[in-house]
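The structure file start_2.tsv is reproduced below (TSV, C-alpha atoms).
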chain	number	residue	atom	x	y	z
Y	1	MET	CA	18.42	-10.28	-24.51
Y	2	ALA	CA	20.91	-12.57	-22.82
Y	3	GLU	CA	19.79	-14.33	-19.65
Y	4	THR	CA	22.56	-12.69	-17.63
Y	5	ALA	CA	21.33	-9.26	-18.71
Y	6	ARG	CA	17.98	-9.69	-17.00
Y	7	PRO	CA	17.79	-7.43	-13.94
Y	8	LEU	CA	16.73	-10.30	-11.67
Y	9	ALA	CA	18.64	-13.10	-13.34
Y	10	GLY	CA	19.67	-15.65	-10.74
Y	11	VAL	CA	16.77	-14.85	-8.40
Y	12	ARG	CA	14.44	-17.77	-7.71
Y	13	ILE	CA	11.01	-17.34	-6.15
Y	14	ILE	CA	8.79	-20.16	-4.90
Y	15	GLU	CA	5.20	-18.96	-5.05
Y	16	SER	CA	2.17	-20.48	-3.35
Y	17	SER	CA	-0.69	-18.23	-4.39
Y	18	LEU	CA	-4.38	-17.98	-4.98
Y	19	LEU	CA	-5.95	-15.29	-7.16
Y	20	GLY	CA	-4.78	-11.67	-7.41
Y	21	PRO	CA	-2.05	-11.57	-4.73
Y	22	GLY	CA	-0.01	-13.79	-7.03
Y	23	ALA	CA	0.91	-10.53	-8.78
Y	24	VAL	CA	3.84	-10.39	-6.34
Y	25	GLY	CA	5.56	-13.01	-8.45
Y	26	THR	CA	4.42	-11.37	-11.68
Y	27	HIS	CA	6.33	-8.16	-10.93
Y	28	LEU	CA	9.46	-10.19	-10.19
Y	29	ALA	CA	9.05	-12.46	-13.22
Y	30	ASP	CA	8.63	-9.42	-15.47
Y	31	LEU	CA	12.12	-8.37	-14.38
Y	32	GLY	CA	13.60	-11.76	-15.14
Y	33	ALA	CA	13.30	-13.66	-11.87
Y	34	GLU	CA	12.59	-17.38	-12.04
Y	35	VAL	CA	9.17	-17.85	-10.45
Y	36	ILE	CA	7.98	-21.36	-9.73
Y	37	LYS	CA	4.27	-21.47	-8.93
Y	38	VAL	CA	3.52	-24.41	-6.65
Y	39	GLU	CA	-0.11	-25.44	-7.07
Y	40	SER	CA	-2.34	-28.05	-5.55
Y	41	PRO	CA	-3.23	-30.84	-7.97
Y	42	ALA	CA	-6.55	-29.06	-8.56
Y	43	GLY	CA	-4.72	-25.86	-9.49
Y	44	ASP	CA	-5.23	-22.25	-8.56
Y	45	TYR	CA	-8.84	-21.35	-9.34
Y	46	ILE	CA	-7.63	-18.01	-10.64
Y	47	ARG	CA	-8.16	-19.60	-14.05
Y	48	ARG	CA	-11.94	-19.54	-13.52
Y	49	MET	CA	-12.35	-16.22	-11.67
Y	50	THR	CA	-13.71	-12.92	-12.98
Y	51	TRP	CA	-14.17	-11.98	-16.60
Y	52	PRO	CA	-13.42	-12.16	-19.44
Y	53	ILE	CA	-12.61	-15.83	-19.99
Y	54	ILE	CA	-10.20	-16.22	-22.88
Y	55	GLU	CA	-9.66	-19.63	-24.45
Y	56	GLY	CA	-10.96	-21.25	-21.28
Y	57	ASP	CA	-8.85	-19.28	-18.80
Y	58	SER	CA	-9.50	-15.93	-17.14
Y	59	LEU	CA	-7.72	-12.74	-18.12
Y	60	LEU	CA	-6.68	-12.58	-14.45
Y	61	HIS	CA	-4.74	-15.83	-14.91
Y	62	HIS	CA	-3.25	-14.83	-18.25
Y	63	HIS	CA	-1.90	-11.62	-16.73
Y	64	ILE	CA	-0.91	-12.63	-13.20
Y	65	SER	CA	0.51	-16.07	-14.02
Y	66	ARG	CA	2.54	-14.98	-17.03
Y	67	GLY	CA	6.26	-15.63	-16.93
Y	68	LYS	CA	5.92	-18.39	-14.32
Y	69	ARG	CA	6.34	-22.14	-14.34
Y	70	SER	CA	3.82	-24.42	-12.64
Y	71	ILE	CA	4.43	-27.54	-10.60
Y	72	THR	CA	1.74	-29.47	-8.75
Y	73	LEU	CA	2.46	-30.77	-5.26
Y	74	ASP	CA	0.04	-32.45	-2.88
Y	75	LEU	CA	1.23	-30.94	0.39
Y	76	ARG	CA	-0.96	-33.38	2.32
Y	77	THR	CA	1.68	-36.00	1.55
Y	78	PRO	CA	5.07	-36.08	3.28
Y	79	GLU	CA	6.70	-36.59	-0.10
Y	80	GLY	CA	5.10	-33.42	-1.45
Y	81	VAL	CA	6.30	-31.46	1.59
Y	82	GLU	CA	9.86	-32.72	1.06
Y	83	VAL	CA	9.84	-31.67	-2.59
Y	84	TYR	CA	8.69	-28.20	-1.50
Y	85	LYS	CA	11.58	-28.00	0.95
Y	86	ASP	CA	13.98	-29.06	-1.79
Y	87	LEU	CA	12.70	-26.20	-3.94
Y	88	VAL	CA	13.22	-23.75	-1.09
Y	89	ARG	CA	16.80	-24.92	-0.52
Y	90	GLY	CA	17.82	-23.34	-3.79
Y	91	ALA	CA	15.48	-20.34	-3.66
Y	92	ASP	CA	15.82	-16.74	-2.57
Y	93	ALA	CA	12.25	-16.18	-1.46
Y	94	VAL	CA	8.92	-17.85	-0.77
Y	95	VAL	CA	5.62	-16.08	-1.44
Y	96	GLU	CA	2.58	-17.18	0.55
Y	97	ALA	CA	-0.18	-15.30	-1.29
Y	98	MET	CA	-3.17	-16.58	0.63
Y	99	ARG	CA	-4.36	-16.52	4.23
Y	100	PRO	CA	-1.37	-16.32	6.59
Y	101	GLY	CA	-0.37	-19.64	8.10
Y	102	ALA	CA	-1.54	-21.79	5.19
Y	103	LEU	CA	1.98	-23.09	4.60
Y	104	ALA	CA	2.77	-23.40	8.31
Y	105	ARG	CA	-0.13	-25.82	8.67
Y	106	ARG	CA	1.73	-28.07	6.23
Y	107	GLY	CA	5.01	-27.75	8.08
Y	108	LEU	CA	6.27	-25.16	5.60
Y	109	GLY	CA	6.07	-21.90	7.57
Y	110	PHE	CA	8.89	-19.42	8.01
Y	111	ASP	CA	10.47	-21.26	10.96
Y	112	ASP	CA	10.28	-24.58	9.12
Y	113	LEU	CA	11.81	-23.26	5.92
Y	114	LYS	CA	14.49	-21.31	7.75
Y	115	GLU	CA	15.87	-24.67	8.85
Y	116	VAL	CA	16.46	-25.73	5.24
Y	117	ASN	CA	17.47	-22.28	3.98
Y	118	PRO	CA	18.73	-20.02	6.80
Y	119	SER	CA	18.70	-16.87	4.65
Y	120	ILE	CA	15.26	-17.35	3.11
Y	121	VAL	CA	12.99	-14.37	2.50
Y	122	PHE	CA	9.44	-15.39	3.40
Y	123	CYS	CA	6.62	-13.08	2.33
Y	124	THR	CA	3.02	-13.63	3.31
Y	125	ILE	CA	0.52	-11.35	1.58
Y	126	SER	CA	-3.13	-11.39	2.53
Y	127	GLY	CA	-6.19	-9.21	2.85
Y	128	TYR	CA	-5.71	-7.77	6.33
Y	129	GLY	CA	-2.33	-9.13	7.38
Y	130	MET	CA	-1.28	-11.40	10.24
Y	131	THR	CA	-2.46	-9.22	13.12
Y	132	GLY	CA	-5.49	-7.22	14.18
Y	133	PRO	CA	-9.16	-8.13	14.66
Y	134	TYR	CA	-9.74	-8.60	10.90
Y	135	LYS	CA	-6.80	-10.92	10.28
Y	136	ASP	CA	-9.00	-13.99	9.71
Y	137	LEU	CA	-11.74	-12.28	7.71
Y	138	PRO	CA	-12.26	-13.70	4.21
Y	139	SER	CA	-12.06	-10.95	1.62
Y	140	HIS	CA	-11.74	-9.92	-2.00
Y	141	GLY	CA	-10.06	-6.99	-3.71
Y	142	ILE	CA	-12.75	-4.32	-3.38
Y	143	ALA	CA	-12.82	-4.86	0.39
Y	144	TYR	CA	-9.45	-3.18	0.88
Y	145	ASP	CA	-10.46	0.01	-0.89
Y	146	ALA	CA	-13.86	0.13	0.84
Y	147	TRP	CA	-12.21	-0.43	4.24
Y	148	GLY	CA	-9.54	2.17	3.49
Y	149	GLY	CA	-12.05	4.82	2.44
Y	150	LEU	CA	-10.98	4.96	-1.19
Y	151	ILE	CA	-14.38	4.16	-2.68
Y	152	SER	CA	-17.90	5.10	-1.72
Y	153	PRO	CA	-21.11	3.15	-2.36
Y	154	GLY	CA	-23.30	4.34	-5.20
Y	155	ARG	CA	-27.06	3.98	-5.55
Y	156	ASP	CA	-29.03	2.53	-8.42
Y	157	GLU	CA	-32.27	3.90	-9.84
Y	158	GLU	CA	-34.26	2.00	-7.19
Y	159	GLY	CA	-32.14	3.26	-4.34
Y	160	PHE	CA	-30.23	0.04	-3.71
Y	161	PRO	CA	-26.52	0.40	-2.87
Y	162	ARG	CA	-24.21	-0.58	-5.70
Y	163	ILE	CA	-20.50	-0.85	-6.45
Y	164	ASP	CA	-19.73	1.88	-8.96
Y	165	GLU	CA	-16.89	1.56	-11.45
Y	166	HIS	CA	-13.53	2.40	-9.97
Y	167	ALA	CA	-9.86	1.51	-10.18
Y	168	SER	CA	-8.75	-1.07	-7.59
Y	169	VAL	CA	-5.86	0.16	-5.48
Y	170	GLY	CA	-5.10	-2.23	-2.60
Y	171	MET	CA	-5.16	-5.44	-4.63
Y	172	HIS	CA	-2.71	-3.95	-7.13
Y	173	SER	CA	-0.44	-1.91	-4.88
Y	174	GLY	CA	-0.15	-4.61	-2.19
Y	175	PRO	CA	1.82	-6.94	-4.49
Y	176	LEU	CA	4.09	-4.04	-5.45
Y	177	PHE	CA	4.92	-3.35	-1.80
Y	178	ALA	CA	5.55	-7.08	-1.37
Y	179	ALA	CA	7.82	-7.25	-4.42
Y	180	TYR	CA	10.10	-4.45	-3.32
Y	181	GLY	CA	10.09	-5.78	0.24
Y	182	ILE	CA	11.22	-9.14	-1.10
Y	183	LEU	CA	14.03	-7.53	-3.09
Y	184	ALA	CA	15.17	-5.63	0.00
Y	185	GLY	CA	15.20	-8.91	1.92
Y	186	ILE	CA	17.19	-10.65	-0.81
Y	187	ILE	CA	19.78	-7.88	-0.86
Y	188	ARG	CA	20.20	-8.19	2.91
Y	189	ALA	CA	20.31	-11.98	2.78
Y	190	ARG	CA	23.02	-11.97	0.14
Y	191	SER	CA	25.03	-9.47	2.14
Y	192	THR	CA	24.57	-10.79	5.69
Y	193	GLY	CA	22.89	-14.18	5.42
Y	194	GLU	CA	19.99	-12.95	7.55
Y	195	PRO	CA	16.47	-14.19	6.75
Y	196	THR	CA	13.44	-11.92	6.41
Y	197	TYR	CA	9.77	-12.49	7.28
Y	198	LEU	CA	7.44	-10.05	5.49
Y	199	ASP	CA	3.79	-9.52	6.44
Y	200	ILE	CA	2.01	-7.56	3.69
Y	201	ALA	CA	-1.69	-6.62	3.83
Y	202	GLN	CA	-3.52	-5.35	0.77
Y	203	SER	CA	-5.68	-3.25	3.10
Y	204	ASP	CA	-2.50	-1.60	4.43
Y	205	ALA	CA	-1.55	-0.85	0.83
Y	206	SER	CA	-4.84	0.96	0.20
Y	207	VAL	CA	-4.20	3.20	3.19
Y	208	ALA	CA	-0.57	3.77	2.23
Y	209	MET	CA	-1.59	4.89	-1.26
Y	210	ASP	CA	-4.06	7.37	0.22
Y	211	TRP	CA	-1.69	8.82	2.82
Y	212	LEU	CA	-2.18	12.45	1.74
Y	213	ARG	CA	-5.90	12.60	2.48
Y	214	ILE	CA	-5.63	10.61	5.69
Y	215	GLU	CA	-2.70	12.61	7.01
Y	216	THR	CA	-4.43	15.86	6.07
Y	217	TYR	CA	-7.42	14.95	8.26
Y	218	LEU	CA	-4.99	14.11	11.06
Y	219	ALA	CA	-3.22	17.45	10.57
Y	220	TYR	CA	-6.54	19.30	10.77
Y	221	GLU	CA	-7.11	17.89	14.23
Y	222	ARG	CA	-4.37	20.24	15.42
Y	223	PRO	CA	-5.07	23.94	16.21
Y	224	GLU	CA	-5.85	26.26	13.30
Y	225	ASP	CA	-3.01	28.58	14.23
Y	226	VAL	CA	-0.61	25.67	13.67
Y	227	VAL	CA	-2.10	23.95	10.61
Y	228	THR	CA	-3.59	26.19	7.93
Y	229	GLY	CA	-4.55	26.06	4.28
Y	230	ASN	CA	-2.54	27.20	1.28
Y	231	PRO	CA	-1.44	30.88	1.07
Y	232	SER	CA	-3.32	31.19	-2.25
Y	233	ASP	CA	-6.54	30.36	-0.34
Y	234	ASP	CA	-5.85	33.00	2.31
Y	235	TYR	CA	-4.83	30.10	4.55
Y	236	GLU	CA	-8.40	28.75	4.66
Y	237	ARG	CA	-8.45	25.01	5.27
Y	238	ARG	CA	-9.56	22.98	2.28
Y	239	GLU	CA	-10.98	19.47	2.16
Y	240	PRO	CA	-8.15	16.93	1.78
Y	241	GLY	CA	-7.00	15.61	-1.58
Y	242	THR	CA	-9.21	15.77	-4.62
Y	243	ALA	CA	-12.23	16.78	-2.51
Y	244	GLY	CA	-10.58	20.17	-2.21
Y	245	MET	CA	-10.59	20.50	-6.01
Y	246	LEU	CA	-14.37	20.64	-6.43
Y	247	GLY	CA	-14.46	24.40	-6.84
Y	248	GLY	CA	-11.29	24.63	-8.90
Y	249	VAL	CA	-11.27	26.67	-12.10
Y	250	ARG	CA	-7.63	26.86	-13.19
Y	251	TYR	CA	-7.30	23.21	-12.17
Y	252	GLN	CA	-10.34	21.54	-13.66
Y	253	PHE	CA	-11.87	19.43	-16.43
Y	254	TYR	CA	-13.07	21.19	-19.58
Y	255	ASP	CA	-14.86	20.00	-22.71
Y	256	SER	CA	-12.83	20.26	-25.88
Y	257	SER	CA	-14.51	20.29	-29.28
Y	258	ASP	CA	-14.28	16.49	-29.50
Y	259	GLY	CA	-13.69	15.21	-25.97
Y	260	MET	CA	-12.34	16.48	-22.69
Y	261	VAL	CA	-9.11	17.78	-21.21
Y	262	LEU	CA	-7.75	18.41	-17.73
Y	263	PHE	CA	-6.40	21.94	-17.27
Y	264	MET	CA	-3.84	22.31	-14.46
Y	265	SER	CA	-2.40	25.84	-14.56
Y	266	SER	CA	-2.40	26.42	-10.83
Y	267	GLU	CA	1.09	27.96	-10.89
Y	268	GLN	CA	1.15	31.59	-11.95
Y	269	GLU	CA	3.84	30.95	-14.58
Y	270	PHE	CA	1.76	28.26	-16.29
Y	271	TRP	CA	-1.37	30.43	-16.13
Y	272	LYS	CA	0.46	33.34	-17.75
Y	273	ASN	CA	1.79	31.05	-20.49
Y	274	PHE	CA	-1.73	29.82	-21.20
Y	275	CYS	CA	-3.22	33.31	-21.39
Y	276	SER	CA	-0.44	34.46	-23.69
Y	277	GLY	CA	-0.83	31.36	-25.89
Y	278	VAL	CA	-4.56	31.92	-26.44
Y	279	ASP	CA	-4.03	35.68	-26.85
Y	280	ARG	CA	-6.08	36.49	-23.75
Y	281	MET	CA	-3.65	38.35	-21.52
Y	282	ASP	CA	-6.66	40.30	-20.30
Y	283	LEU	CA	-7.57	37.22	-18.27
Y	284	PHE	CA	-4.16	37.19	-16.63
Y	285	GLU	CA	-4.27	40.90	-15.91
Y	286	LYS	CA	-7.69	40.59	-14.30
Y	287	TRP	CA	-6.96	37.38	-12.36
Y	288	PRO	CA	-3.18	36.95	-12.05
Y	289	GLY	CA	-3.51	34.61	-9.08
Y	290	SER	CA	-0.89	33.61	-6.56
Y	291	GLN	CA	2.49	32.15	-7.43
Y	292	TYR	CA	1.70	28.55	-6.43
Y	293	GLY	CA	-1.32	26.33	-5.89
Y	294	ASP	CA	-3.97	28.86	-6.95
Y	295	HIS	CA	-6.98	27.13	-8.49
Y	296	ALA	CA	-9.15	30.27	-8.70
Y	297	ARG	CA	-11.76	28.46	-6.65
Y	298	GLY	CA	-15.33	29.48	-7.24
Y	299	ASN	CA	-14.53	32.04	-9.95
Y	300	ARG	CA	-17.51	31.36	-12.21
Y	301	GLU	CA	-16.82	34.34	-14.45
Y	302	LEU	CA	-13.37	32.99	-15.30
Y	303	GLN	CA	-14.73	29.47	-15.61
Y	304	ARG	CA	-17.27	30.56	-18.26
Y	305	GLU	CA	-14.46	32.20	-20.23
Y	306	LEU	CA	-12.41	29.01	-20.08
Y	307	VAL	CA	-15.37	26.85	-21.10
Y	308	ALA	CA	-15.66	28.86	-24.32
Y	309	ILE	CA	-11.91	28.82	-24.95
Y	310	PHE	CA	-11.48	25.07	-24.51
Y	311	ALA	CA	-14.46	24.32	-26.75
Y	312	SER	CA	-12.58	25.95	-29.64
Y	313	LYS	CA	-9.99	23.18	-30.16
Y	314	THR	CA	-9.82	19.42	-30.27
Y	315	THR	CA	-8.21	17.47	-27.46
Y	316	GLU	CA	-5.22	16.69	-29.68
Y	317	GLU	CA	-4.82	20.37	-30.52
Y	318	TRP	CA	-4.87	21.32	-26.82
Y	319	VAL	CA	-2.19	18.76	-26.02
Y	320	GLU	CA	-0.01	20.16	-28.81
Y	321	PHE	CA	-0.71	23.67	-27.53
Y	322	ALA	CA	0.33	22.68	-23.99
Y	323	ASP	CA	3.63	21.37	-25.28
Y	324	GLU	CA	4.29	24.48	-27.33
Y	325	VAL	CA	3.55	27.13	-24.70
Y	326	ASN	CA	4.54	25.15	-21.56
Y	327	THR	CA	1.29	24.88	-19.67
Y	328	PRO	CA	-0.13	21.64	-18.20
Y	329	ILE	CA	-3.07	20.16	-20.12
Y	330	CYS	CA	-3.69	16.45	-20.56
Y	331	PRO	CA	-6.24	14.39	-22.47
Y	332	VAL	CA	-8.95	12.64	-20.47
Y	333	ASN	CA	-9.08	8.94	-21.33
Y	334	THR	CA	-11.12	5.98	-20.18
Y	335	PRO	CA	-9.95	2.38	-19.65
Y	336	LYS	CA	-11.39	1.71	-23.12
Y	337	THR	CA	-9.66	4.57	-24.93
Y	338	VAL	CA	-6.29	4.89	-23.18
Y	339	ALA	CA	-4.71	2.12	-25.29
Y	340	ASP	CA	-5.24	4.30	-28.36
Y	341	ASP	CA	-3.39	7.24	-26.82
Y	342	PRO	CA	0.01	7.85	-28.48
Y	343	GLN	CA	1.74	8.22	-25.09
Y	344	PHE	CA	0.38	4.83	-24.01
Y	345	GLN	CA	1.49	3.25	-27.27
Y	346	ASP	CA	4.99	4.63	-26.83
Y	347	ARG	CA	5.33	3.42	-23.23
Y	348	PHE	CA	3.32	0.18	-23.28
Y	349	PRO	CA	3.80	-2.00	-26.34
Y	350	LEU	CA	1.15	-4.64	-25.68
Y	351	LEU	CA	2.00	-8.27	-25.12
Y	352	GLY	CA	-0.08	-9.79	-27.90
Y	353	HIS	CA	-2.72	-12.48	-27.51
Y	354	GLU	CA	-1.16	-14.57	-30.25
Y	355	GLU	CA	1.78	-15.44	-27.97
Y	356	HIS	CA	0.43	-14.68	-24.51
Y	357	GLY	CA	-3.21	-15.76	-24.71
Y	358	ALA	CA	-4.49	-12.23	-24.04
Y	359	ASP	CA	-3.51	-8.70	-25.00
Y	360	MET	CA	-1.76	-7.45	-21.88
Y	361	ILE	CA	0.06	-4.42	-20.56
Y	362	GLY	CA	3.70	-5.14	-19.76
Y	363	SER	CA	5.75	-3.86	-16.86
Y	364	ALA	CA	5.74	-0.14	-16.07
Y	365	ILE	CA	9.50	-0.33	-15.44
Y	366	HIS	CA	11.67	0.91	-18.27
Y	367	LEU	CA	15.40	0.30	-18.56
Y	368	VAL	CA	17.22	2.87	-20.68
Y	369	GLY	CA	19.03	1.13	-23.52
Y	370	GLU	CA	17.68	-2.30	-22.54
Y	371	GLU	CA	14.57	-4.36	-23.00
Y	372	LEU	CA	12.91	-6.42	-20.31
Y	373	PRO	CA	12.54	-10.13	-20.99
Y	374	VAL	CA	9.34	-11.11	-22.76
Y	375	PRO	CA	7.29	-13.18	-20.29
Y	376	THR	CA	6.11	-16.63	-21.22
Y	377	ARG	CA	2.44	-17.49	-21.46
Y	378	ALA	CA	0.64	-18.32	-18.20
Y	379	PRO	CA	1.07	-22.03	-17.49
Y	380	THR	CA	-1.48	-24.79	-17.34
Y	381	VAL	CA	-1.73	-26.65	-14.02
Y	382	GLY	CA	1.47	-28.62	-13.48
Y	383	GLN	CA	2.73	-27.84	-16.97
Y	384	HIS	CA	6.36	-27.86	-15.82
Y	385	ASN	CA	6.34	-30.77	-13.36
Y	386	ASP	CA	8.93	-32.89	-15.15
Y	387	GLU	CA	11.03	-29.91	-16.18
Y	388	ILE	CA	11.28	-28.50	-12.64
Y	389	LEU	CA	11.87	-31.84	-10.97
Y	390	ALA	CA	14.65	-32.73	-13.40
Y	391	ASP	CA	16.29	-29.40	-14.22
Y	392	VAL	CA	15.82	-27.46	-10.98
Y	393	LEU	CA	16.03	-30.26	-8.42
Y	394	GLY	CA	18.09	-32.78	-10.38
Y	395	TYR	CA	15.74	-35.68	-9.65
Y	396	ASP	CA	16.30	-38.74	-11.81
Y	397	ALA	CA	13.52	-40.63	-13.57
Y	398	ALA	CA	13.27	-43.23	-10.79
Y	399	LYS	CA	12.73	-40.60	-8.11
Y	400	VAL	CA	10.12	-38.80	-10.19
Y	401	ALA	CA	8.30	-42.07	-10.76
Y	402	ALA	CA	8.36	-42.78	-7.03
Y	403	LEU	CA	6.91	-39.35	-6.29
Y	404	ARG	CA	4.12	-39.94	-8.78
Y	405	ALA	CA	3.35	-43.30	-7.25
Y	406	ALA	CA	3.20	-41.76	-3.78
Y	407	GLY	CA	0.75	-39.13	-4.98
Y	408	ALA	CA	3.13	-36.24	-4.23
Y	409	LEU	CA	2.25	-34.60	-7.57
Y	410	GLY	CA	-1.43	-35.42	-7.31
Y	411	SER	CA	-3.26	-38.61	-8.11
Y	412	PRO	CA	-0.83	-41.49	-8.85
Y	413	GLN	CA	-0.17	-41.78	-12.56
Please render this file's structure as structure tokens.
Amino acid sequence: MAETARPLAGVRIIESSLLGPGAVGTHLADLGAEVIKVESPAGDYIRRMTWPIIEGDSLLHHHISRGKRSITLDLRTPEGVEVYKDLVRGADAVVEAMRPGALARRGLGFDDLKEVNPSIVFCTISGYGMTGPYKDLPSHGIAYDAWGGLISPGRDEEGFPRIDEHASVGMHSGPLFAAYGILAGIIRARSTGEPTYLDIAQSDASVAMDWLRIETYLAYERPEDVVTGNPSDDYERREPGTAGMLGGVRYQFYDSSDGMVLFMSSEQEFWKNFCSGVDRMDLFEKWPGSQYGDHARGNRELQRELVAIFASKTTEEWVEFADEVNTPICPVNTPKTVADDPQFQDRFPLLGHEEHGADMIGSAIHLVGEELPVPTRAPTVGQHNDEILADVLGYDAAKVAALRAAGALGSPQ
């Protein structure tokens, strides 16, 4: 695909990041933005964090640093600071994906960079943001979901608390909020010339992604004659979110003959279609349910009937059945099995390890009639020093040599 066809062609991002929050730049690079990762001479230790380690570098690095170029700058030197400012002069946005104020301590904060680029978009993304009593707390990804109430501690066989398996929310959704905030800032800057200063917290993102449960609890603090449950439940208040599904029958997991499916016929139309499709209209006649949102909570007699019905077909057969009769049933996958699912394979052609160092899932954004650019492999530390200094900044060989001698790129070479 031609360079000009990339959705974010012509957008340049300067990224100073450590670990997972660097995914801000990943989302933008996947759409064709030029992302220059500025690293200390020692490099971002993302390469050594978590597991697995693939060919000496972590999967975290392979995924989050893909599509970026790396330049090393020692920001303890005035020469390194000046090179950073030169990069920002021609950039649209700066990402500070570490504790807020890290760049400001080097004379490269929002106010400093606004002097060299008056329309710059400056995004700082951190654990708890720039304000509040937790703003200086060190943290890692699970903290945001634990703080936000998304995960609960488990217990091992000896009674010790443990972290049970779960999907991380804040550490993944925070960079997404940052990416679209950056794009909004760039659109405004290109229209009005105004700069933007974004403060993104991954803990905020956890809460934002769980708004329905949180807001339901808030709603239930109001009088019962004002805030009720669903009409199908005779207006009885239910626990928020998925907690209110515990007693569900027409919206519930069921064992198939070779796995498991999720049955979701809570609308009367879908329930009728299901009963007709399995030739059990007697079930519909006995328990027609309400028009919307009726899970037949606590109906053990119906649940036993459905257990027997779902055990009669394979998961694949139930999915085909759902498509044929128009009733919602989906296969239940695990992180290990989902890549074998035909829907996954249609939507997510993997980025192969042969070219990218690891087998990775690409962007979830699809352009109709177009293909997104294929990201380059995650860079080694300072891999693109000469390329960026010459091609992006236009420095000649003498200036590059002087920078090396001054230690601006790291130890003098």
Taking (15.2, -6.7, 0.8) in the file's own coordinates, collect the residues within 12 Å, counting all atoms listed in the file, and hand them back as a list in words.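 Within 12 Å of (15.2, -6.7, 0.8), the protein and nucleic acid residues are Asp92, Ala93, Ser119, Ile120, Val121, Phe122, Cys123, Phe177, Ala178, Ala179, Tyr180, Gly181, Ile182, Leu183, Ala184, Gly185, Ile186, Ile187, Arg188, Ala189, Arg190, Ser191, Thr192, Gly193, Glu194, Pro195, Thr196, Tyr197 and Leu198 of chain Y.
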Students should find that CA of Ala308 in chain Y and CA of Gly247 in chain Y are spaced 18.1 Å
Any idea what the distance is between CA of Ala296 in chain Y and CA of Val249 in chain Y?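 Between CA of Ala296 in chain Y and CA of Val249 in chain Y the gap is 5.4 Å.
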Counting all atoms listed in the file, the residue among Y:Gly32, Y:Pro138, Y:Gly67, Y:Gly149 that lies closest to Pro100 in chain Y is Y:Pro138
So for range 165-168 of chain Y, what box centre and size do we get, axis-aligned, 3 Å extra on each of the six sides, every listed atom, Å to one decimal, as JSON?
{"center_x": -12.8, "center_y": 0.7, "center_z": -9.5, "size_x": 14.1, "size_y": 9.5, "size_z": 9.9}
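CA of Glu324 in chain Y to CA of Ile365 in chain Y spans 28.0 Å [interatomic distance, one decimal].
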All residues 10 Å or closer to Lys135 in chain Y, all atoms listed in the file, same chain fewer than 3 positions away omitted, as a count of residues only: 11
Taking 2 positions as the minimum chain separation for residues in the same chain, which residues sit within 6 Å of Gly154 in chain Y when counting all atoms listed in the file? Answer as an mmCIF file with C-alpha atoms, in the frame of the given file.
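Written output follows (part_19.cif):
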data_model
loop_
_atom_site.group_PDB
_atom_site.id
_atom_site.type_symbol
_atom_site.label_atom_id
_atom_site.label_comp_id
_atom_site.auth_asym_id
_atom_site.auth_seq_id
_atom_site.Cartn_x
_atom_site.Cartn_y
_atom_site.Cartn_z
ATOM 1 C CA PRO Y 161 -26.520 0.400 -2.870
ATOM 2 C CA ARG Y 162 -24.210 -0.580 -5.700
ATOM 3 C CA ASP Y 164 -19.730 1.880 -8.960
#
Mind listing as a VMD selection string all residues within 12 Å of (-11.5, 24.9, -30.2), counting only C-alpha atoms? chain Y and resid 254 to 261 278 306 to 319 321
With 12 Å as the cut-off and only C-alpha atoms counted, what is the closest atom pair between each nearby residue of range 82-196 of chain Y and range 209-228 of chain Y? Distances in Å to one decimal, ordered by chain and number, as a Markdown table.
| residue | atom | partner | partner_atom | distance |
| --- | --- | --- | --- | --- |
| Y:Tyr144 | CA | Y:Met209 | CA | 11.5 |
| Y:Asp145 | CA | Y:Asp210 | CA | 9.8 |
| Y:Trp147 | CA | Y:Asp210 | CA | 12.0 |
| Y:Gly148 | CA | Y:Asp210 | CA | 8.2 |
| Y:Gly149 | CA | Y:Asp210 | CA | 8.7 |
| Y:Leu150 | CA | Y:Asp210 | CA | 7.5 |
| Y:Ile151 | CA | Y:Asp210 | CA | 11.2 |
| Y:Ser168 | CA | Y:Met209 | CA | 11.3 |
| Y:Val169 | CA | Y:Met209 | CA | 7.6 |
| Y:Gly170 | CA | Y:Met209 | CA | 8.1 |
| Y:Met171 | CA | Y:Met209 | CA | 11.4 |
| Y:His172 | CA | Y:Met209 | CA | 10.7 |
| Y:Ser173 | CA | Y:Met209 | CA | 7.8 |
| Y:Gly174 | CA | Y:Met209 | CA | 9.7 |
| Y:Leu176 | CA | Y:Met209 | CA | 11.4 |
| Y:Phe177 | CA | Y:Met209 | CA | 10.5 |
Suppose we keep C-alpha atoms; can you now write the selection as a PDB file, in the coordinates of the input?
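Wrote out_26.pdb, looks like this:
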ATOM      1  CA  TYR Y 144      -9.450  -3.180   0.880  1.00  0.00           C
ATOM      2  CA  ASP Y 145     -10.460   0.010  -0.890  1.00  0.00           C
ATOM      3  CA  TRP Y 147     -12.210  -0.430   4.240  1.00  0.00           C
ATOM      4  CA  GLY Y 148      -9.540   2.170   3.490  1.00  0.00           C
ATOM      5  CA  GLY Y 149     -12.050   4.820   2.440  1.00  0.00           C
ATOM      6  CA  LEU Y 150     -10.980   4.960  -1.190  1.00  0.00           C
ATOM      7  CA  ILE Y 151     -14.380   4.160  -2.680  1.00  0.00           C
ATOM      8  CA  SER Y 168      -8.750  -1.070  -7.590  1.00  0.00           C
ATOM      9  CA  VAL Y 169      -5.860   0.160  -5.480  1.00  0.00           C
ATOM     10  CA  GLY Y 170      -5.100  -2.230  -2.600  1.00  0.00           C
ATOM     11  CA  MET Y 171      -5.160  -5.440  -4.630  1.00  0.00           C
ATOM     12  CA  HIS Y 172      -2.710  -3.950  -7.130  1.00  0.00           C
ATOM     13  CA  SER Y 173      -0.440  -1.910  -4.880  1.00  0.00           C
ATOM     14  CA  GLY Y 174      -0.150  -4.610  -2.190  1.00  0.00           C
ATOM     15  CA  LEU Y 176       4.090  -4.040  -5.450  1.00  0.00           C
ATOM     16  CA  PHE Y 177       4.920  -3.350  -1.800  1.00  0.00           C
TER      17      PHE Y 177
END
